[in-house]
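Everything below belongs to start.csv, which stores CSV, C-alpha atoms.
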chain,number,residue,atom,x,y,z
A,1,MET,CA,-14.0,14.7,-101.4
A,2,LYS,CA,-10.7,12.9,-101.3
A,3,ALA,CA,-8.6,13.6,-98.1
A,4,LYS,CA,-5.4,15.5,-98.7
A,5,ILE,CA,-2.1,14.4,-97.2
A,6,ILE,CA,-0.7,17.1,-95.0
A,7,ILE,CA,3.1,17.1,-95.3
A,8,GLY,CA,4.8,17.3,-91.9
A,9,PHE,CA,4.0,16.1,-88.4
A,10,ILE,CA,0.2,15.6,-88.0
A,11,ILE,CA,-1.5,15.6,-84.6
A,12,LEU,CA,-5.1,14.4,-84.3
A,13,TRP,CA,-7.3,14.9,-81.3
A,14,PHE,CA,-9.8,12.3,-80.0
A,15,VAL,CA,-11.7,11.6,-76.9
A,16,SER,CA,-11.2,7.9,-76.3
A,17,SER,CA,-11.2,5.2,-73.6
A,18,CYS,CA,-10.2,1.6,-73.2
A,19,LYS,CA,-13.8,0.7,-73.9
A,20,ASP,CA,-15.3,1.9,-77.2
A,21,ASP,CA,-18.7,0.5,-78.0
A,22,ALA,CA,-19.3,2.5,-81.1
A,23,LEU,CA,-19.7,0.5,-84.4
A,24,GLN,CA,-16.4,0.4,-86.2
A,25,MET,CA,-15.7,-0.6,-89.8
A,26,LEU,CA,-11.9,-1.4,-89.6
A,27,VAL,CA,-10.8,-4.2,-87.3
A,28,LEU,CA,-7.7,-3.6,-85.2
A,29,HIS,CA,-6.4,-6.8,-83.5
A,30,THR,CA,-4.8,-6.8,-80.0
A,31,PRO,CA,-1.2,-5.6,-80.3
A,32,GLN,CA,1.7,-8.0,-79.7
A,33,GLN,CA,4.8,-7.0,-77.9
A,34,VAL,CA,8.2,-8.4,-79.0
A,35,ASP,CA,11.0,-7.0,-76.7
A,36,ASN,CA,10.4,-3.3,-76.8
A,37,THR,CA,8.5,-3.2,-80.1
A,38,ILE,CA,4.7,-3.1,-80.3
A,39,ILE,CA,3.4,-4.9,-83.4
A,40,LEU,CA,0.0,-3.8,-84.7
A,41,ASN,CA,-2.2,-5.9,-87.1
A,42,TRP,CA,-5.5,-5.0,-88.7
A,43,GLU,CA,-7.9,-6.3,-91.3
A,44,GLU,CA,-7.5,-5.0,-94.9
A,45,ALA,CA,-9.8,-2.0,-95.6
A,46,ASN,CA,-12.8,-2.6,-97.8
A,47,ILE,CA,-12.8,0.9,-99.2
A,48,SER,CA,-13.2,2.4,-102.6
A,49,GLU,CA,-10.3,4.5,-104.1
A,50,PHE,CA,-8.0,3.6,-101.2
A,51,GLN,CA,-5.2,6.1,-100.6
A,52,TYR,CA,-3.3,5.2,-97.4
A,53,TYR,CA,-3.5,4.0,-93.8
A,54,MET,CA,-2.9,6.3,-90.8
A,55,VAL,CA,-1.5,4.6,-87.7
A,56,MET,CA,-2.1,6.7,-84.6
A,57,CYS,CA,-0.9,6.5,-81.0
A,58,SER,CA,-1.7,8.3,-77.8
A,59,SER,CA,-0.4,8.1,-74.3
A,60,ASP,CA,-3.0,10.3,-72.7
A,61,LYS,CA,-6.3,9.3,-74.4
A,62,GLN,CA,-6.6,12.8,-75.8
A,63,ARG,CA,-3.9,13.6,-78.4
A,64,TYR,CA,-3.2,11.0,-81.1
A,65,ASP,CA,0.0,11.3,-83.2
A,66,VAL,CA,0.4,9.8,-86.6
A,67,ILE,CA,3.3,7.5,-86.2
A,68,ASN,CA,3.6,5.9,-89.7
A,69,ASP,CA,5.0,7.6,-92.9
A,70,ILE,CA,2.1,9.1,-94.8
A,71,VAL,CA,4.4,11.6,-96.6
A,72,THR,CA,6.6,9.3,-98.8
A,73,PRO,CA,4.4,7.9,-101.6
A,74,THR,CA,6.5,4.6,-101.7
A,75,SER,CA,6.0,3.9,-98.0
A,76,ASP,CA,3.9,0.9,-96.7
A,77,ALA,CA,1.1,3.3,-95.7
A,78,PHE,CA,0.1,3.5,-99.4
A,79,ARG,CA,-0.2,-0.3,-99.9
A,80,LYS,CA,-3.6,-1.6,-99.1
A,81,GLU,CA,-2.5,-5.2,-98.6
A,82,ILE,CA,0.1,-4.3,-95.9
A,83,THR,CA,-1.8,-4.3,-92.6
A,84,THR,CA,0.9,-4.4,-90.0
A,85,PHE,CA,3.1,-1.8,-88.3
A,86,GLU,CA,5.9,-2.0,-85.8
A,87,ASP,CA,6.0,0.8,-83.2
A,88,CYS,CA,9.5,1.2,-81.9
A,89,SER,CA,9.2,4.8,-80.8
A,90,TYR,CA,6.4,5.1,-78.3
A,91,PRO,CA,7.0,7.5,-75.4
A,92,LEU,CA,9.3,6.7,-72.5
A,93,GLY,CA,8.0,6.6,-69.0
A,94,VAL,CA,4.4,5.4,-69.8
A,95,ASP,CA,2.8,2.1,-69.2
A,96,THR,CA,-0.4,2.4,-71.3
A,97,LEU,CA,-0.8,3.2,-75.0
A,98,TYR,CA,-3.9,3.9,-77.1
A,99,TYR,CA,-3.9,3.0,-80.8
A,100,LYS,CA,-6.2,3.7,-83.7
A,101,ILE,CA,-6.0,2.9,-87.4
A,102,MET,CA,-7.8,4.9,-90.2
A,103,ALA,CA,-8.1,4.1,-93.9
A,104,ILE,CA,-8.3,7.1,-96.1
A,105,GLY,CA,-10.0,6.9,-99.5
A,106,LYS,CA,-13.2,8.0,-101.2
A,107,GLU,CA,-14.6,7.7,-97.6
A,108,THR,CA,-12.9,7.1,-94.3
A,109,MET,CA,-12.8,3.9,-92.3
A,110,SER,CA,-11.8,3.9,-88.6
A,111,SER,CA,-10.9,1.2,-86.1
A,112,GLN,CA,-11.8,1.3,-82.4
A,113,ASN,CA,-9.6,3.2,-80.0
A,114,LEU,CA,-7.7,0.2,-78.6
A,115,CYS,CA,-6.1,0.4,-75.1
A,116,TYR,CA,-2.9,-1.5,-74.7
A,117,ARG,CA,-0.8,-1.9,-71.5
A,118,ILE,CA,2.9,-2.2,-72.1
A,119,GLU,CA,4.2,-5.6,-70.9
A,120,ARG,CA,7.8,-4.5,-70.2
A,121,PRO,CA,8.2,-0.8,-69.7
A,122,VAL,CA,11.8,0.3,-70.5
A,123,MET,CA,14.2,0.8,-67.6
A,124,LEU,CA,16.1,3.9,-67.1
A,125,LEU,CA,19.4,4.1,-65.2
A,126,LYS,CA,19.7,7.5,-63.6
A,127,GLY,CA,22.9,9.2,-62.5
A,128,ASN,CA,25.4,11.9,-63.5
A,129,ASN,CA,29.0,11.2,-64.6
A,130,LEU,CA,28.6,7.6,-65.5
A,131,GLU,CA,29.8,5.2,-68.2
A,132,LEU,CA,28.2,1.9,-69.1
A,133,HIS,CA,29.2,-1.4,-70.6
A,134,TYR,CA,27.1,-4.5,-71.3
A,135,ILE,CA,28.2,-7.7,-69.5
A,136,LYS,CA,26.8,-10.3,-72.0
A,137,GLU,CA,27.7,-13.4,-69.9
A,138,ALA,CA,25.7,-12.1,-67.0
A,139,ASN,CA,23.0,-9.9,-68.8
A,140,LYS,CA,24.0,-7.0,-66.6
A,141,LEU,CA,25.5,-3.5,-67.0
A,142,SER,CA,28.8,-2.6,-65.7
A,143,VAL,CA,28.4,1.0,-64.4
A,144,LEU,CA,31.2,3.4,-63.5
A,145,PHE,CA,30.3,6.4,-61.5
A,146,TYR,CA,33.4,8.6,-61.8
A,147,ASN,CA,33.5,11.5,-59.3
A,148,TYR,CA,36.3,13.2,-57.4
A,149,PRO,CA,38.2,11.9,-55.5
A,150,THR,CA,37.1,8.2,-55.7
A,151,SER,CA,35.1,6.6,-58.5
A,152,LYS,CA,32.9,3.6,-58.0
A,153,LEU,CA,32.3,0.5,-60.2
A,154,LYS,CA,28.9,-1.2,-59.7
A,155,THR,CA,26.6,-3.5,-61.7
A,156,PHE,CA,23.0,-3.0,-62.8
A,157,ASP,CA,20.8,-6.1,-63.1
A,158,LEU,CA,18.6,-5.8,-66.2
A,159,ALA,CA,16.1,-8.3,-64.9
A,160,THR,CA,15.4,-6.5,-61.6
A,161,GLY,CA,16.3,-2.9,-62.6
A,162,GLN,CA,18.5,-2.7,-59.4
A,163,LEU,CA,22.0,-1.5,-58.8
A,164,SER,CA,24.3,-3.9,-56.9
A,165,SER,CA,24.8,-3.2,-53.2
A,166,ASN,CA,28.5,-4.0,-53.4
A,167,GLU,CA,31.0,-1.8,-55.3
A,168,ALA,CA,34.6,-1.4,-56.1
A,169,ASN,CA,36.5,1.8,-55.4
A,170,ILE,CA,38.5,3.0,-58.4
A,171,ASP,CA,41.2,5.4,-57.4
A,172,GLY,CA,43.0,8.0,-59.5
A,173,LEU,CA,40.5,8.5,-62.4
A,174,SER,CA,40.3,12.2,-61.6
A,175,LEU,CA,43.9,12.6,-62.8
A,176,SER,CA,44.4,13.9,-66.3
A,177,SER,CA,47.0,11.1,-66.9
A,178,SER,CA,44.5,8.3,-66.0
A,179,TRP,CA,42.2,6.3,-68.2
A,180,PHE,CA,39.9,3.2,-68.2
A,181,PHE,CA,38.2,0.8,-70.5
A,182,TRP,CA,36.3,-2.5,-70.6
A,183,GLY,CA,37.6,-5.7,-72.3
A,184,GLU,CA,37.3,-9.5,-72.2
A,185,ASN,CA,39.5,-12.3,-71.1
A,186,THR,CA,38.5,-15.9,-71.8
A,187,GLY,CA,34.9,-15.0,-72.1
A,188,LYS,CA,34.6,-12.8,-69.0
A,189,THR,CA,34.2,-9.0,-69.0
A,190,GLU,CA,36.9,-7.1,-67.2
A,191,PHE,CA,37.4,-3.5,-66.2
A,192,TYR,CA,40.8,-1.9,-66.7
A,193,SER,CA,41.9,1.2,-64.8
A,194,TYR,CA,45.2,3.0,-65.2
A,195,ASN,CA,46.4,5.3,-62.4
A,196,GLY,CA,48.8,7.9,-63.7
A,197,TYR,CA,49.9,8.9,-60.1
A,198,ASN,CA,51.5,5.5,-59.3
A,199,ASN,CA,51.9,4.1,-62.8
A,200,GLU,CA,49.7,1.1,-62.1
A,201,LEU,CA,47.2,-0.8,-64.2
A,202,SER,CA,44.4,-2.5,-62.1
A,203,VAL,CA,42.1,-5.2,-63.5
A,204,TYR,CA,38.7,-6.1,-62.1
A,205,ASN,CA,36.1,-8.7,-62.8
A,206,ALA,CA,33.2,-6.6,-64.1
A,207,SER,CA,30.5,-9.0,-62.8
A,208,THR,CA,31.8,-9.8,-59.3
A,209,LEU,CA,33.7,-6.5,-58.9
A,210,GLN,CA,36.6,-8.5,-57.6
A,211,SER,CA,40.1,-7.1,-58.0
A,212,LEU,CA,42.1,-9.5,-60.1
A,213,ILE,CA,45.6,-8.0,-60.6
A,214,SER,CA,47.6,-4.8,-60.4
A,215,VAL,CA,50.6,-4.3,-62.6
A,216,LYS,CA,53.3,-1.6,-62.4
A,217,THR,CA,54.0,0.0,-65.8
A,218,PRO,CA,56.1,2.8,-67.3
A,219,TYR,CA,54.4,6.2,-67.2
A,220,ILE,CA,51.8,6.3,-70.0
A,221,THR,CA,49.7,9.4,-70.7
A,222,TYR,CA,46.1,9.4,-71.9
A,223,ASP,CA,46.7,7.5,-75.1
A,224,PRO,CA,44.7,5.0,-77.2
A,225,PHE,CA,44.3,1.6,-75.8
A,226,THR,CA,42.5,-1.7,-76.4
A,227,SER,CA,42.7,-5.4,-75.5
A,228,ASN,CA,42.7,-8.6,-77.6
A,229,ASN,CA,40.2,-10.5,-75.3
A,230,LYS,CA,42.9,-13.0,-74.4
A,231,GLY,CA,44.6,-11.2,-71.6
A,232,MET,CA,46.7,-8.8,-73.6
A,233,VAL,CA,46.4,-5.0,-73.2
A,234,TYR,CA,47.8,-2.6,-75.8
A,235,ILE,CA,48.6,1.0,-75.5
A,236,TYR,CA,50.0,3.2,-78.3
A,237,SER,CA,52.0,6.0,-76.7
A,238,TYR,CA,54.7,8.3,-78.1
A,239,TYR,CA,55.2,6.2,-81.3
A,240,TYR,CA,55.6,3.0,-79.2
A,241,LEU,CA,53.1,0.1,-79.0
A,242,TYR,CA,53.1,-1.2,-75.4
A,243,PHE,CA,51.6,-4.5,-74.7
A,244,LEU,CA,50.9,-5.9,-71.2
A,245,ASN,CA,50.1,-9.6,-70.5
A,246,ARG,CA,47.7,-9.1,-67.6
A,247,THR,CA,47.9,-12.8,-66.8
A,248,THR,CA,51.7,-12.9,-66.2
A,249,GLY,CA,52.1,-9.2,-65.4
A,250,THR,CA,54.9,-8.8,-68.0
A,251,PHE,CA,55.2,-5.5,-69.9
A,252,ASN,CA,56.9,-5.0,-73.3
A,253,GLN,CA,57.1,-2.4,-76.0
A,254,TYR,CA,57.4,-2.4,-79.8
A,255,GLN,CA,58.6,0.5,-82.0
A,256,PRO,CA,57.5,0.3,-85.6
A,257,THR,CA,59.9,1.6,-88.3
A,258,SER,CA,57.4,4.2,-89.4
A,259,SER,CA,55.1,5.5,-86.6
A,260,VAL,CA,51.8,7.4,-86.8
A,261,ASP,CA,50.5,10.0,-84.4
A,262,ALA,CA,47.7,7.6,-83.2
A,263,ASP,CA,44.6,8.8,-81.6
A,264,TRP,CA,42.6,5.6,-81.8
A,265,LEU,CA,43.5,1.9,-81.4
A,266,PHE,CA,41.2,-1.0,-82.3
A,267,HIS,CA,41.5,-4.8,-82.2
A,268,ASN,CA,40.0,-7.0,-84.8
A,269,SER,CA,39.3,-10.2,-83.0
A,270,LYS,CA,38.4,-12.1,-86.2
A,271,ASP,CA,41.7,-11.5,-88.0
A,272,ASN,CA,43.8,-10.8,-84.8
A,273,LYS,CA,45.0,-7.4,-86.0
A,274,LEU,CA,45.5,-4.0,-84.3
A,275,TYR,CA,44.6,-0.8,-86.2
A,276,ALA,CA,46.2,2.5,-85.0
A,277,ILE,CA,44.5,5.5,-86.5
A,278,GLU,CA,46.2,8.9,-87.0
A,279,TYR,CA,44.6,11.9,-85.5
A,280,ASN,CA,43.5,13.4,-88.8
A,281,GLY,CA,42.3,10.0,-90.1
A,282,ARG,CA,44.6,9.9,-93.1
A,283,ARG,CA,46.8,7.0,-92.1
A,284,ILE,CA,45.9,3.6,-90.7
A,285,GLN,CA,48.6,1.4,-89.3
A,286,THR,CA,48.0,-2.4,-89.1
A,287,PHE,CA,49.8,-4.6,-86.6
A,288,ASN,CA,49.5,-8.3,-87.5
A,289,LEU,CA,49.6,-10.4,-84.3
A,290,ASP,CA,50.5,-14.0,-83.5
A,291,ASP,CA,48.5,-16.3,-81.2
A,292,LYS,CA,50.4,-15.0,-78.2
A,293,GLY,CA,49.5,-11.4,-79.1
A,294,ASP,CA,53.0,-10.4,-80.1
A,295,VAL,CA,53.7,-8.3,-83.3
A,296,LEU,CA,54.5,-10.3,-86.5
A,297,GLY,CA,54.6,-7.3,-88.9
A,298,VAL,CA,53.4,-3.8,-89.5
A,299,GLU,CA,52.0,-2.0,-92.6
A,300,THR,CA,50.8,1.6,-93.0
A,301,TYR,CA,47.9,2.6,-95.4
A,302,THR,CA,47.4,6.3,-96.4
A,303,ILE,CA,44.0,7.5,-97.5
A,304,THR,CA,44.6,9.8,-100.5
A,305,ASN,CA,41.1,10.6,-101.7
A,306,ASN,CA,40.5,13.3,-99.1
A,307,GLU,CA,42.8,15.6,-97.2
A,308,TYR,CA,41.1,15.1,-93.8
A,309,PRO,CA,38.6,12.2,-94.0
A,310,ASP,CA,36.1,11.5,-91.4
A,311,LEU,CA,36.5,7.9,-90.2
A,312,ARG,CA,34.6,5.3,-88.2
A,313,TYR,CA,35.7,1.8,-87.4
A,314,ILE,CA,33.2,-1.0,-87.8
A,315,GLU,CA,33.7,-3.1,-84.7
A,316,ASN,CA,34.5,-6.8,-85.1
A,317,SER,CA,35.8,-6.4,-88.6
A,318,SER,CA,38.6,-5.0,-90.9
A,319,LEU,CA,36.2,-2.3,-92.2
A,320,PHE,CA,36.2,1.4,-91.9
A,321,ILE,CA,33.5,4.0,-92.9
A,322,ILE,CA,35.1,7.1,-94.4
A,323,THR,CA,34.0,10.2,-96.2
A,324,ILE,CA,35.3,11.0,-99.6
A,325,ASN,CA,35.0,14.7,-100.8
A,326,SER,CA,32.8,15.5,-97.7
A,327,SER,CA,29.6,14.0,-98.9
A,328,ASP,CA,30.5,10.6,-100.5
A,329,ILE,CA,30.5,7.9,-97.8
A,330,LYS,CA,32.3,4.7,-98.6
A,331,ILE,CA,33.4,1.6,-96.7
A,332,LEU,CA,37.2,0.7,-96.8
A,333,ASP,CA,38.2,-2.9,-96.5
A,334,MET,CA,41.6,-3.0,-95.0
A,335,ASN,CA,42.2,-6.6,-96.1
A,336,THR,CA,41.9,-5.7,-99.8
A,337,LYS,CA,42.5,-2.0,-99.6
A,338,THR,CA,39.2,-1.6,-101.5
A,339,LEU,CA,36.7,1.3,-101.3
A,340,HIS,CA,33.0,0.2,-101.6
A,341,ASN,CA,30.1,2.5,-102.4
A,342,THR,CA,27.2,2.8,-99.9
A,343,ASP,CA,23.8,4.5,-100.0
A,344,LEU,CA,24.5,6.3,-96.7
A,345,THR,CA,23.8,10.0,-96.7
A,346,GLN,CA,25.6,11.1,-93.6
A,347,MET,CA,28.4,9.8,-91.4
A,348,PRO,CA,27.1,7.4,-88.7
A,349,ASN,CA,28.0,7.6,-85.0
A,350,LEU,CA,28.4,3.9,-84.3
A,351,ALA,CA,29.0,0.8,-86.5
A,352,SER,CA,29.3,-2.9,-85.7
A,353,LEU,CA,29.4,-6.1,-87.7
A,354,HIS,CA,27.4,-9.1,-86.6
A,355,ASN,CA,26.3,-12.2,-88.6
A,356,ASN,CA,27.2,-10.5,-92.0
A,357,VAL,CA,25.1,-7.5,-91.1
A,358,ILE,CA,26.6,-4.1,-90.4
A,359,CYS,CA,24.5,-2.2,-87.9
A,360,ILE,CA,24.9,1.6,-88.0
A,361,ALA,CA,23.5,4.3,-85.7
A,362,ASP,CA,22.5,7.6,-87.1
A,363,ARG,CA,24.5,10.5,-85.8
A,364,TYR,CA,21.7,12.8,-84.8
A,365,SER,CA,18.4,10.9,-84.9
A,366,PRO,CA,17.0,7.8,-83.3
A,367,ILE,CA,17.5,5.5,-86.3
A,368,ILE,CA,19.5,2.2,-86.7
A,369,TYR,CA,20.4,1.1,-90.2
A,370,GLN,CA,21.3,-2.5,-91.2
A,371,LEU,CA,23.6,-2.9,-94.2
A,372,SER,CA,24.4,-6.1,-96.1
A,373,LEU,CA,28.0,-7.2,-95.9
A,374,GLY,CA,27.8,-8.3,-99.5
A,375,ASP,CA,27.0,-5.0,-101.2
A,376,PHE,CA,27.0,-2.6,-98.3
A,377,LYS,CA,23.5,-1.4,-99.1
A,378,LYS,CA,20.7,-0.8,-96.6
A,379,ILE,CA,18.5,-3.9,-96.0
A,380,LYS,CA,16.5,-2.5,-93.0
A,381,THR,CA,15.9,0.8,-91.2
A,382,THR,CA,14.6,0.7,-87.6
A,383,ARG,CA,13.4,3.7,-85.6
A,384,VAL,CA,14.2,3.5,-81.9
A,385,ARG,CA,13.6,5.6,-78.8
A,386,VAL,CA,16.8,7.5,-78.4
A,387,VAL,CA,20.0,8.3,-80.4
A,388,PRO,CA,22.2,5.3,-79.6
A,389,ASN,CA,25.7,6.0,-78.3
A,390,LYS,CA,26.9,2.5,-77.6
A,391,PHE,CA,26.5,-0.9,-79.3
A,392,PHE,CA,26.8,-4.5,-78.1
A,393,THR,CA,25.7,-7.7,-79.6
A,394,ASP,CA,25.0,-11.4,-78.8
A,395,SER,CA,23.8,-14.3,-81.0
A,396,GLU,CA,20.4,-12.7,-81.6
A,397,TYR,CA,20.2,-9.1,-80.6
A,398,LEU,CA,21.9,-5.7,-81.0
A,399,TYR,CA,21.9,-4.0,-77.6
A,400,PHE,CA,22.4,-0.2,-77.4
A,401,PHE,CA,22.4,2.6,-74.9
A,402,GLY,CA,21.1,6.1,-75.4
A,403,GLN,CA,20.9,9.1,-73.1
A,404,TYR,CA,17.4,10.3,-72.2
A,405,GLY,CA,17.2,13.6,-70.4
A,406,TYR,CA,20.0,14.6,-68.1
A,407,GLY,CA,21.9,11.7,-66.6
A,408,GLU,CA,19.4,9.0,-67.6
A,409,TYR,CA,20.4,6.1,-69.9
A,410,LEU,CA,18.1,3.7,-71.7
A,411,PHE,CA,19.0,0.1,-72.4
A,412,ASP,CA,17.2,-1.3,-75.4
A,413,LYS,CA,17.6,-4.0,-78.1
A,414,ILE,CA,16.5,-5.0,-81.6
A,415,ARG,CA,16.7,-8.4,-83.3
A,416,ILE,CA,19.3,-8.8,-86.0
Would you mind writing the file out in structure tokens?
Amino acid sequence: MKAKIIIGFIILWFVSSCKDDALQMLVLHTPQQVDNTIILNWEEANISEFQYYMVMCSSDKQRYDVINDIVTPTSDAFRKEITTFEDCSYPLGVDTLYYKIMAIGKETMSSQNLCYRIERPVMLLKGNNLELHYIKEANKLSVLFYNYPTSKLKTFDLATGQLSSNEANIDGLSLSSSWFFWGENTGKTEFYSYNGYNNELSVYNASTLQSLISVKTPYITYDPFTSNNKGMVYIYSYYYLYFLNRTTGTFNQYQPTSSVDADWLFHNSKDNKLYAIEYNGRRIQTFNLDDKGDVLGVETYTITNNEYPDLRYIENSSLFIITINSSDIKILDMNTKTLHNTDLTQMPNLASLHNNVICIADRYSPIIYQLSLGDFKKIKTTRVRVVPNKFFTDSEYLYFFGQYGYGEYLFDKIRI
């Protein structure tokens, strides 16, 4: 009798071990690990009336979960010739996994229960009230522990899984008028901290934790800010664009003819533009900058298709993801003022452009989509361990952080 597909999440129970001497009909090869992905390969099933493969995984040798898609008829599980599967969602906090492959048809073929020890278990950074930033030139994390009355800036070595013994004390972050962010200057990651008590902006080298410069500024409330990665810091406050040259310590301001009530400020390093976004997302103000970082001109674009559109900036680009009529999700190109259709079904949480690929993090589930810059359609969907809440990239990988449990952050990466 043909096996029936049970729609939903299927749990199978087996008694297994790392040594299974029983005769098996389906050959499962030793898994290969690439970064934090386990790649499985097996021999094609010689079975009549083939229906689908079931890929199963266990972390306790008792309960096996089906981890591939046996619900969607168009998935790879229903293609007899596809004999590989990438497991990106195995449990956190384990060092040994057990895999089994079954082919379902007129009869059932099964592989051995294969024991696999994870080569590089994921590392968790534990702590409450912390913020993270990836230091790509050092392959470290910059970690800010912000607590009253003094916050501390440290580094976390991804190779050793250890926090640095040295630290920098960051004063004033408990004040409601204070703020902080990370940026770059001539290829080095820097940490910026504004103390609203003494109106001072302090700059630190994020890798060495060395204090680089402190600059007196006018009083600035908690307003949107960014940097141009060449030593210029921008703050949009009370309809003025302030810009600070952290190399020379000079501080200037610019008032556009038509201002917006900006809640976000982004810098597009490719086109050297600033984007100030109004609170309700309807107006986007573009500042064109010269090589020094000064303002050349300003233009304001109003989104008219929706009264209060949801909006996400795609980092490293001139592109925004917006909702039209609540459910229609499009990409807005600010260079051409053109709206492009997508096949997205819900608003993403994060978005970044890298090597003509747009990486998007799902808002609620541990999924990363990759979209083509040419037609803005999905070219790949990758399931990961946690819901990503931060993105960073280098020449090969997309790095992301996600919270696991209370006060624990996971660092992971996928190849793009």
Best match for closeness to Leu173 of chain A among A:Phe156, A:Tyr369, A:Tyr197, A:Phe191, counting only C-alpha atoms =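 Residue with the minimum atom-to-atom distance to Leu173 of chain A: A:Tyr197.
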Long-range neighbours of Glu184 of chain A as a ChimeraX atom specification, 8 Å cut-off, all atoms listed in the file, 5 positions minimum in chain = /A:189-190,227-231
Could those selected residues go to a file with C-alpha atoms, as a PDB file, in the frame of the given file?
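Result saved to again_23.pdb:
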ATOM      1  CA  THR A 189      34.200  -9.000 -69.000  1.00  0.00           C
ATOM      2  CA  GLU A 190      36.900  -7.100 -67.200  1.00  0.00           C
ATOM      3  CA  SER A 227      42.700  -5.400 -75.500  1.00  0.00           C
ATOM      4  CA  ASN A 228      42.700  -8.600 -77.600  1.00  0.00           C
ATOM      5  CA  ASN A 229      40.200 -10.500 -75.300  1.00  0.00           C
ATOM      6  CA  LYS A 230      42.900 -13.000 -74.400  1.00  0.00           C
ATOM      7  CA  GLY A 231      44.600 -11.200 -71.600  1.00  0.00           C
TER       8      GLY A 231
END
For atom CA of Gly196 of chain A and atom CA of Tyr219 of chain A, quote the distance in Å rounded to one decimal.
-> 6.8 Å
Please, what distance in Å, to one decimal, runs between atom CA of Thr226 of chain A and atom CA of Tyr204 of chain A?
-> 15.4 Å
Using all atoms listed in the file, find the one residue out of A:Gly402, A:Pro224, A:Pro31, A:Gly407 that sits nearest to Phe266 of chain A.
->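 So, comparing all the options, the nearest one is A:Pro224.
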Just the residues within 12 Å of Gln162 of chain A, please, counting all atoms listed in the file, with nothing from its chain fewer than 6 positions along; format it as a PyMOL selection string.
-> chain A and resi 123-126+140-141+143+154-156
Export of the given selection (C-alpha atoms) as a PDB file, keeping the file's coordinate frame:
ATOM      1  CA  MET A 123      14.200   0.800 -67.600  1.00  0.00           C
ATOM      2  CA  LEU A 124      16.100   3.900 -67.100  1.00  0.00           C
ATOM      3  CA  LEU A 125      19.400   4.100 -65.200  1.00  0.00           C
ATOM      4  CA  LYS A 126      19.700   7.500 -63.600  1.00  0.00           C
ATOM      5  CA  LYS A 140      24.000  -7.000 -66.600  1.00  0.00           C
ATOM      6  CA  LEU A 141      25.500  -3.500 -67.000  1.00  0.00           C
ATOM      7  CA  VAL A 143      28.400   1.000 -64.400  1.00  0.00           C
ATOM      8  CA  LYS A 154      28.900  -1.200 -59.700  1.00  0.00           C
ATOM      9  CA  THR A 155      26.600  -3.500 -61.700  1.00  0.00           C
ATOM     10  CA  PHE A 156      23.000  -3.000 -62.800  1.00  0.00           C
TER      11      PHE A 156
END
Go through A:Pro91, A:Gln33, A:Asn46, A:Ser58 one by one, measure the shortest atom-to-atom distance of each to Ile118 of chain A using all atoms listed in the file, and give the residue with the smallest value.
-> A:Gln33
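With all atoms listed in the file taken into account, the protein and nucleic acid residues at most 12 Å from Asn252 of chain A (excluding it and anything under 6 positions from it in its own chain) are Lys216, Thr217, Pro218, Met232, Val233, Tyr234, Ile235, Tyr236, Tyr240, Leu241, Tyr242, Phe243, Leu244, Asn245, Arg246, Gly293, Asp294 and Val295 of chain A.
Picture a line from atom CA of Ala351 of chain A to atom CA of Asp35 of chain A; it runs 21.9 Å.
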A:Phe78, A:Phe85, A:Tyr64, A:Tyr406: which is nearest Leu28 of chain A, counting all atoms listed in the file?
->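 Closest to Leu28 of chain A of all the choices is A:Phe85.
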Residues at most 12 Å from segment 348-350 of chain A, counting only C-alpha atoms, excluding those fewer than 6 positions away in the same chain, as number ranges by chain?
-> A: 310-315, 320-323, 329-331, 358-370, 387-392, 400-402
